[in-house]
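Data file: protein27.cif. Format and content: mmCIF, N, CA and C atoms and all ligand atoms.
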```
data_my_file
#
loop_
_atom_site.label_atom_id
_atom_site.label_comp_id
_atom_site.auth_asym_id
_atom_site.auth_seq_id
_atom_site.Cartn_x
_atom_site.Cartn_y
_atom_site.Cartn_z
N MET C 1 5.51 4.22 12.83
CA MET C 1 5.44 4.37 11.37
C MET C 1 4.23 3.62 10.82
N TYR C 2 3.90 3.98 9.60
CA TYR C 2 2.79 3.31 8.92
C TYR C 2 3.32 2.19 8.03
N ILE C 3 2.56 1.12 7.97
CA ILE C 3 2.81 0.08 6.98
C ILE C 3 1.56 0.01 6.12
N TYR C 4 1.77 -0.02 4.81
CA TYR C 4 0.62 0.03 3.91
C TYR C 4 0.72 -1.08 2.88
N VAL C 5 -0.45 -1.55 2.44
CA VAL C 5 -0.52 -2.54 1.37
C VAL C 5 -1.30 -1.92 0.21
N LEU C 6 -0.65 -1.82 -0.93
CA LEU C 6 -1.32 -1.33 -2.13
C LEU C 6 -1.87 -2.51 -2.91
N HIS C 7 -3.15 -2.44 -3.27
CA HIS C 7 -3.82 -3.49 -4.05
C HIS C 7 -3.90 -3.02 -5.50
N PHE C 8 -3.32 -3.80 -6.43
CA PHE C 8 -3.32 -3.40 -7.84
C PHE C 8 -4.67 -3.74 -8.46
N THR C 9 -5.20 -2.85 -9.30
CA THR C 9 -6.49 -3.11 -9.93
C THR C 9 -6.36 -4.19 -11.01
N THR C 10 -5.18 -4.31 -11.61
CA THR C 10 -4.89 -5.45 -12.48
C THR C 10 -3.52 -5.97 -12.07
N LYS C 11 -3.32 -7.28 -12.22
CA LYS C 11 -2.05 -7.85 -11.77
C LYS C 11 -0.92 -7.50 -12.74
N LEU C 12 0.26 -7.33 -12.19
CA LEU C 12 1.44 -7.10 -13.00
C LEU C 12 2.25 -8.40 -12.94
N HIS C 13 2.25 -9.15 -14.04
CA HIS C 13 2.78 -10.51 -14.03
C HIS C 13 2.02 -11.27 -12.94
N HIS C 14 2.69 -11.72 -11.89
CA HIS C 14 1.97 -12.42 -10.82
C HIS C 14 1.76 -11.52 -9.60
N ALA C 15 2.30 -10.32 -9.67
CA ALA C 15 2.23 -9.44 -8.50
C ALA C 15 0.90 -8.71 -8.46
N GLY C 16 0.29 -8.71 -7.29
CA GLY C 16 -0.98 -8.00 -7.12
C GLY C 16 -0.95 -6.99 -6.00
N HIS C 17 0.18 -6.95 -5.26
CA HIS C 17 0.27 -6.07 -4.09
C HIS C 17 1.68 -5.52 -3.92
N TYR C 18 1.73 -4.38 -3.26
CA TYR C 18 3.01 -3.81 -2.86
C TYR C 18 2.89 -3.38 -1.41
N THR C 19 3.85 -3.79 -0.60
CA THR C 19 3.86 -3.42 0.81
C THR C 19 5.04 -2.50 1.09
N GLY C 20 4.79 -1.43 1.81
CA GLY C 20 5.87 -0.51 2.16
C GLY C 20 5.62 0.10 3.52
N SER C 21 6.57 0.92 3.97
CA SER C 21 6.40 1.61 5.25
C SER C 21 6.88 3.05 5.11
N THR C 22 6.31 3.91 5.94
CA THR C 22 6.64 5.33 5.87
C THR C 22 6.19 6.03 7.14
N THR C 23 6.75 7.20 7.38
CA THR C 23 6.25 8.04 8.47
C THR C 23 5.32 9.12 7.92
N ASN C 24 5.37 9.34 6.61
CA ASN C 24 4.49 10.35 5.98
C ASN C 24 3.69 9.68 4.88
N LEU C 25 2.49 9.21 5.24
CA LEU C 25 1.71 8.37 4.32
C LEU C 25 1.34 9.10 3.03
N LEU C 26 0.80 10.31 3.15
CA LEU C 26 0.33 11.00 1.95
C LEU C 26 1.48 11.26 0.98
N GLU C 27 2.60 11.72 1.52
CA GLU C 27 3.75 12.00 0.65
C GLU C 27 4.23 10.73 -0.04
N ARG C 28 4.23 9.63 0.71
CA ARG C 28 4.69 8.36 0.15
C ARG C 28 3.73 7.85 -0.95
N LEU C 29 2.42 7.99 -0.70
CA LEU C 29 1.44 7.55 -1.71
C LEU C 29 1.52 8.43 -2.96
N ARG C 30 1.74 9.73 -2.75
CA ARG C 30 1.92 10.62 -3.91
C ARG C 30 3.14 10.21 -4.72
N ASP C 31 4.23 9.89 -4.03
CA ASP C 31 5.44 9.44 -4.72
C ASP C 31 5.14 8.20 -5.56
N HIS C 32 4.47 7.23 -4.97
CA HIS C 32 4.17 5.98 -5.69
C HIS C 32 3.25 6.26 -6.89
N ALA C 33 2.28 7.12 -6.70
CA ALA C 33 1.35 7.45 -7.80
C ALA C 33 2.09 8.12 -8.96
N ALA C 34 3.18 8.80 -8.63
CA ALA C 34 4.00 9.46 -9.66
C ALA C 34 5.05 8.51 -10.22
N GLY C 35 5.11 7.28 -9.71
CA GLY C 35 6.09 6.32 -10.18
C GLY C 35 7.43 6.43 -9.47
N ARG C 36 7.43 7.07 -8.30
CA ARG C 36 8.67 7.22 -7.54
C ARG C 36 8.64 6.36 -6.28
N GLY C 37 9.82 6.18 -5.69
CA GLY C 37 9.89 5.56 -4.38
C GLY C 37 10.20 4.08 -4.39
N SER C 38 9.93 3.40 -5.49
CA SER C 38 10.33 2.00 -5.61
C SER C 38 10.34 1.62 -7.08
N ARG C 39 11.16 0.68 -7.43
CA ARG C 39 11.24 0.21 -8.81
C ARG C 39 9.89 -0.33 -9.28
N LEU C 40 9.22 -1.10 -8.41
CA LEU C 40 7.93 -1.69 -8.79
C LEU C 40 6.91 -0.60 -9.09
N CYS C 41 6.87 0.44 -8.26
CA CYS C 41 5.89 1.51 -8.49
C CYS C 41 6.20 2.29 -9.75
N GLN C 42 7.47 2.35 -10.12
CA GLN C 42 7.86 2.97 -11.39
C GLN C 42 7.29 2.16 -12.56
N VAL C 43 7.40 0.83 -12.46
CA VAL C 43 6.88 -0.05 -13.52
C VAL C 43 5.35 0.03 -13.58
N LEU C 44 4.71 0.08 -12.42
CA LEU C 44 3.24 0.19 -12.40
C LEU C 44 2.79 1.43 -13.16
N LYS C 45 3.46 2.53 -12.92
CA LYS C 45 3.12 3.79 -13.59
C LYS C 45 3.32 3.65 -15.10
N GLN C 46 4.45 3.06 -15.49
CA GLN C 46 4.75 2.89 -16.92
C GLN C 46 3.72 2.00 -17.61
N ARG C 47 3.24 0.97 -16.90
CA ARG C 47 2.29 0.02 -17.51
C ARG C 47 0.84 0.43 -17.28
N HIS C 48 0.64 1.57 -16.66
CA HIS C 48 -0.71 2.08 -16.37
C HIS C 48 -1.51 1.13 -15.48
N VAL C 49 -0.83 0.51 -14.55
CA VAL C 49 -1.51 -0.31 -13.55
C VAL C 49 -1.86 0.59 -12.36
N GLU C 50 -3.16 0.74 -12.10
CA GLU C 50 -3.60 1.59 -11.00
C GLU C 50 -3.69 0.77 -9.71
N TRP C 51 -3.73 1.45 -8.58
CA TRP C 51 -3.81 0.74 -7.30
C TRP C 51 -4.65 1.52 -6.31
N THR C 52 -5.06 0.82 -5.28
CA THR C 52 -5.82 1.39 -4.17
C THR C 52 -5.16 0.97 -2.87
N LEU C 53 -5.14 1.86 -1.91
CA LEU C 53 -4.64 1.50 -0.58
C LEU C 53 -5.59 0.46 0.00
N GLY C 54 -5.09 -0.77 0.23
CA GLY C 54 -5.96 -1.85 0.68
C GLY C 54 -5.98 -2.01 2.18
N THR C 55 -4.85 -1.75 2.81
CA THR C 55 -4.71 -1.98 4.25
C THR C 55 -3.69 -1.00 4.81
N LEU C 56 -3.96 -0.55 6.03
CA LEU C 56 -3.04 0.39 6.69
C LEU C 56 -2.86 -0.01 8.14
N TYR C 57 -1.59 -0.07 8.57
CA TYR C 57 -1.27 -0.38 9.96
C TYR C 57 -0.40 0.72 10.55
N TYR C 58 -0.46 0.81 11.88
CA TYR C 58 0.53 1.61 12.59
C TYR C 58 1.33 0.66 13.48
N THR C 59 2.63 0.86 13.52
CA THR C 59 3.48 0.01 14.37
C THR C 59 4.71 0.77 14.83
N LYS C 60 5.29 0.33 15.93
CA LYS C 60 6.57 0.87 16.38
C LYS C 60 7.69 -0.12 16.09
N ASP C 61 7.32 -1.27 15.54
CA ASP C 61 8.29 -2.32 15.25
C ASP C 61 8.92 -2.09 13.87
N ARG C 62 10.19 -1.75 13.85
CA ARG C 62 10.86 -1.44 12.58
C ARG C 62 10.99 -2.67 11.68
N ARG C 63 10.88 -3.85 12.25
CA ARG C 63 11.01 -5.07 11.44
C ARG C 63 9.66 -5.55 10.92
N ALA C 64 8.59 -4.85 11.28
CA ALA C 64 7.24 -5.33 10.94
C ALA C 64 7.04 -5.45 9.43
N GLU C 65 7.60 -4.50 8.68
CA GLU C 65 7.40 -4.54 7.23
C GLU C 65 8.01 -5.80 6.62
N SER C 66 9.24 -6.11 6.99
CA SER C 66 9.88 -7.30 6.39
C SER C 66 9.22 -8.58 6.88
N LYS C 67 8.74 -8.58 8.13
CA LYS C 67 8.01 -9.74 8.63
C LYS C 67 6.72 -9.94 7.84
N LEU C 68 6.03 -8.84 7.62
CA LEU C 68 4.76 -8.91 6.89
C LEU C 68 4.97 -9.45 5.47
N LYS C 69 6.04 -8.99 4.83
CA LYS C 69 6.31 -9.43 3.46
C LYS C 69 6.60 -10.93 3.41
N LYS C 70 7.32 -11.42 4.41
CA LYS C 70 7.68 -12.84 4.43
C LYS C 70 6.49 -13.72 4.80
N ILE C 71 5.85 -13.37 5.92
CA ILE C 71 4.81 -14.25 6.46
C ILE C 71 3.52 -14.16 5.67
N TYR C 72 3.18 -12.96 5.21
CA TYR C 72 1.87 -12.77 4.59
C TYR C 72 1.95 -12.56 3.08
N LYS C 73 2.94 -13.21 2.48
CA LYS C 73 3.05 -13.21 1.02
C LYS C 73 2.98 -11.81 0.43
N ASN C 74 3.89 -10.99 0.88
CA ASN C 74 3.99 -9.62 0.38
C ASN C 74 2.72 -8.81 0.58
N GLY C 75 2.00 -9.13 1.64
CA GLY C 75 0.83 -8.32 1.99
C GLY C 75 -0.48 -8.82 1.44
N SER C 76 -0.45 -9.79 0.50
CA SER C 76 -1.69 -10.20 -0.13
C SER C 76 -2.67 -10.81 0.88
N ARG C 77 -2.14 -11.47 1.90
CA ARG C 77 -3.03 -12.10 2.89
C ARG C 77 -3.55 -11.09 3.91
N CYS C 78 -3.06 -9.85 3.84
CA CYS C 78 -3.53 -8.80 4.75
C CYS C 78 -4.46 -7.82 4.05
N CYS C 79 -4.65 -8.01 2.74
CA CYS C 79 -5.39 -7.02 1.95
C CYS C 79 -6.89 -7.09 2.22
N ASN C 80 -7.48 -5.95 2.59
CA ASN C 80 -8.92 -5.90 2.86
C ASN C 80 -9.75 -5.97 1.59
N ILE C 81 -9.14 -5.68 0.45
CA ILE C 81 -9.92 -5.62 -0.80
C ILE C 81 -10.14 -7.02 -1.37
N CYS C 82 -9.14 -7.88 -1.33
CA CYS C 82 -9.28 -9.17 -2.00
C CYS C 82 -9.24 -10.36 -1.05
N THR C 83 -9.15 -10.12 0.25
CA THR C 83 -9.16 -11.23 1.19
C THR C 83 -10.60 -11.50 1.61
N ASN C 84 -11.07 -12.70 1.34
CA ASN C 84 -12.47 -13.02 1.62
C ASN C 84 -12.74 -13.16 3.11
N ASP C 85 -11.89 -13.93 3.79
CA ASP C 85 -12.09 -14.06 5.23
C ASP C 85 -11.39 -12.91 5.93
N THR C 86 -11.41 -12.89 7.24
CA THR C 86 -10.81 -11.79 7.99
C THR C 86 -9.32 -11.72 7.69
N PRO C 87 -8.86 -10.58 7.22
CA PRO C 87 -7.44 -10.47 6.91
C PRO C 87 -6.58 -10.65 8.17
N HIS C 88 -5.39 -11.17 7.97
CA HIS C 88 -4.46 -11.36 9.08
C HIS C 88 -3.86 -10.02 9.50
N ILE C 89 -3.80 -9.79 10.76
CA ILE C 89 -3.15 -8.58 11.26
C ILE C 89 -1.82 -9.01 11.90
N PRO C 90 -0.70 -8.50 11.38
CA PRO C 90 0.60 -8.89 11.92
C PRO C 90 0.74 -8.47 13.38
N GLU C 91 1.51 -9.24 14.16
CA GLU C 91 1.69 -8.89 15.57
C GLU C 91 2.39 -7.54 15.69
N ASP C 92 2.12 -6.84 16.75
CA ASP C 92 2.67 -5.52 17.03
C ASP C 92 2.19 -4.45 16.06
N CYS C 93 1.15 -4.76 15.29
CA CYS C 93 0.59 -3.76 14.38
C CYS C 93 -0.85 -3.45 14.80
N ILE C 94 -1.25 -2.21 14.66
CA ILE C 94 -2.63 -1.79 14.89
C ILE C 94 -3.21 -1.42 13.53
N GLU C 95 -4.36 -1.99 13.21
CA GLU C 95 -4.96 -1.64 11.92
C GLU C 95 -5.70 -0.31 12.02
N LEU C 96 -5.48 0.56 11.04
CA LEU C 96 -6.14 1.86 11.01
C LEU C 96 -7.22 1.84 9.94
N PRO C 97 -8.41 2.40 10.25
CA PRO C 97 -9.49 2.41 9.25
C PRO C 97 -9.18 3.37 8.11
N ILE C 98 -9.20 2.85 6.90
CA ILE C 98 -8.82 3.66 5.73
C ILE C 98 -9.85 4.73 5.45
N HIS C 99 -11.13 4.42 5.75
CA HIS C 99 -12.17 5.42 5.44
C HIS C 99 -12.07 6.67 6.32
N ASP C 100 -11.23 6.63 7.37
CA ASP C 100 -11.03 7.83 8.19
C ASP C 100 -10.01 8.80 7.58
N LEU C 101 -9.27 8.34 6.57
CA LEU C 101 -8.25 9.20 5.98
C LEU C 101 -8.90 10.37 5.24
N LYS C 102 -8.26 11.52 5.31
CA LYS C 102 -8.84 12.74 4.73
C LYS C 102 -8.28 13.00 3.32
N HIS C 103 -7.50 12.09 2.80
CA HIS C 103 -6.90 12.31 1.49
C HIS C 103 -7.17 11.11 0.58
N PRO C 104 -6.95 11.28 -0.75
CA PRO C 104 -7.23 10.18 -1.68
C PRO C 104 -6.38 8.95 -1.39
N ILE C 105 -6.91 7.79 -1.78
CA ILE C 105 -6.20 6.53 -1.53
C ILE C 105 -5.98 5.73 -2.80
N THR C 106 -6.34 6.27 -3.95
CA THR C 106 -6.08 5.56 -5.19
C THR C 106 -5.05 6.33 -6.02
N SER C 107 -4.29 5.60 -6.83
CA SER C 107 -3.24 6.24 -7.62
C SER C 107 -3.84 7.29 -8.56
N GLN C 108 -5.00 6.95 -9.13
CA GLN C 108 -5.65 7.89 -10.06
C GLN C 108 -6.05 9.20 -9.36
N GLU C 109 -6.73 9.07 -8.23
CA GLU C 109 -7.17 10.26 -7.50
C GLU C 109 -6.00 11.08 -6.99
N LEU C 110 -4.96 10.39 -6.56
CA LEU C 110 -3.78 11.12 -6.06
C LEU C 110 -3.17 11.97 -7.18
N ARG C 111 -3.11 11.39 -8.39
CA ARG C 111 -2.54 12.16 -9.49
C ARG C 111 -3.45 13.33 -9.87
N GLU C 112 -4.77 13.08 -9.82
CA GLU C 112 -5.72 14.16 -10.14
C GLU C 112 -5.63 15.31 -9.15
N HIS C 113 -5.32 14.98 -7.89
CA HIS C 113 -5.23 16.02 -6.87
C HIS C 113 -3.87 16.73 -6.88
N GLY C 114 -2.97 16.26 -7.74
CA GLY C 114 -1.67 16.94 -7.84
C GLY C 114 -0.61 16.26 -7.01
N LEU C 115 0.55 16.09 -7.60
CA LEU C 115 1.62 15.35 -6.95
C LEU C 115 2.74 16.25 -6.45
N HIS C 116 2.59 17.53 -6.69
CA HIS C 116 3.63 18.46 -6.22
C HIS C 116 3.63 18.50 -4.71
N ARG C 117 4.78 18.75 -4.12
CA ARG C 117 4.88 18.82 -2.66
C ARG C 117 4.78 20.25 -2.17
ZN ZN Q 1 -5.70 -7.08 -2.55
#
```
Could you show the structure in this file as structure tokens?
Amino acid sequence: MYIYVLHFTTKLHHAGHYTGSTTNLLERLRDHAAGRGSRLCQVLKQRHVEWTLGTLYYTKDRRAESKLKKIYKNGSRCCNICTNDTPHIPEDCIELPIHDLKHPITSQELREHGLHR
């Protein structure tokens, strides 16, 4: 499965990142861009807080997401966008290059490309 870190373009209270996991990345990102899939992403949509996919991992470890949230402060220490030094890569995770993705990675672009399935 994929584990992803969304980097918010503006902070929501003190939150600047959202970490989640999925087997279908594009569908999951579309859901989040539409304000679906998590309470936080619903609030982001309501407050017009946009986000960009900051980091993407592949793992077979089902516990990797919860480990990442605990150890790496909800993904902020793994974010390629705002981490100055080399971001931490959680064990049992392989980092995937985001620029290789063939689909949009920002909430704005995802909505512009259509959220219908
Ligand atoms: Zn970030």
Selection within 6 Å of ligand ZN 1 (chain Q) by only C-alpha atoms and all ligand atoms, output as a ChimeraX atom specification = /C:7,76,79,81-82
Return the single residue from C:Asn74, C:Glu112, C:Tyr4, C:Thr83 that is closest to Gly16 of chain C, with distances computed using all atoms listed in the file.
->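 Among C:Asn74, C:Glu112, C:Tyr4, C:Thr83, it is C:Asn74 that comes nearest to Gly16 of chain C.
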Residues near segment 48-61 of chain C, cut-off 6 Å, only N, CA and C atoms, skip fewer than 4 positions along chain, as a list of chain:residue names |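 Listing them by chain and then by number gives C:Met1, C:Tyr2, C:Ile3, C:Tyr4, C:Val5, C:Leu6, C:His7, C:Phe8, C:Thr9, C:Thr10, C:Val43, C:Leu44, C:Glu65, C:Cys78, C:Cys79, C:Asn80, C:Ile81, C:Asp92, C:Cys93, C:Ile94, C:Glu95, C:Leu96, C:Ile105, C:Thr106, C:Ser107, C:Gln108.
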Interatomic distance (Å, one decimal) between atom C of Lys45 of chain C and atom N of Leu12 of chain C |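 Distance between the two atoms: 11.8 Å.
The gap separating atom C of Pro90 of chain C from atom N of Lys73 of chain C is 12.1 Å, in Å to one decimal.
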At what distance in Å, to one decimal, does atom CA of Thr19 of chain C lie from atom CA of Lys69 of chain C?
->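 Atom-to-atom, atom CA of Lys69 of chain C to atom CA of Thr19 of chain C, that is 7.0 Å.
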All strand (DSSP E) positions in chain C, as number ranges by chain = C: 2-12, 15-22, 51-59, 93-95
Which residue of C:Leu101, C:Cys41, C:Ala64, C:Ala33 approaches Ser21 of chain C most closely, using only C-alpha atoms =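 Checking each candidate against Ser21 of chain C, we get C:Ala64 as the closest.
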Could you pull out the residues in chain C that DSSP calls alpha helix (DSSP H) from the backbone, as number ranges by chain?
-> C: 25-33, 39-46, 64-71, 107-112
When distances are computed from all atoms listed in the file, which of C:His13, C:Leu68, C:Pro104, C:Ile89 shows the smallest separation from Leu26 of chain C?
-> C:Pro104
May I have the protein, DNA and RNA residues with an atom at most 12 Å from (7.4, 11.0, -7.0), counting only C-alpha atoms in the file's coordinates, returned as a list of chain:residue names?
->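 Residues found, by chain and rising number: C:Leu26, C:Glu27, C:Arg28, C:Leu29, C:Arg30, C:Asp31, C:His32, C:Ala33, C:Ala34, C:Gly35, C:Arg36, C:Gly37, C:Ser38, C:Arg39, C:Cys41, C:Gln42, C:Lys45, C:Ser107, C:Leu110, C:Arg111, C:Gly114, C:Leu115, C:His116, C:Arg117.
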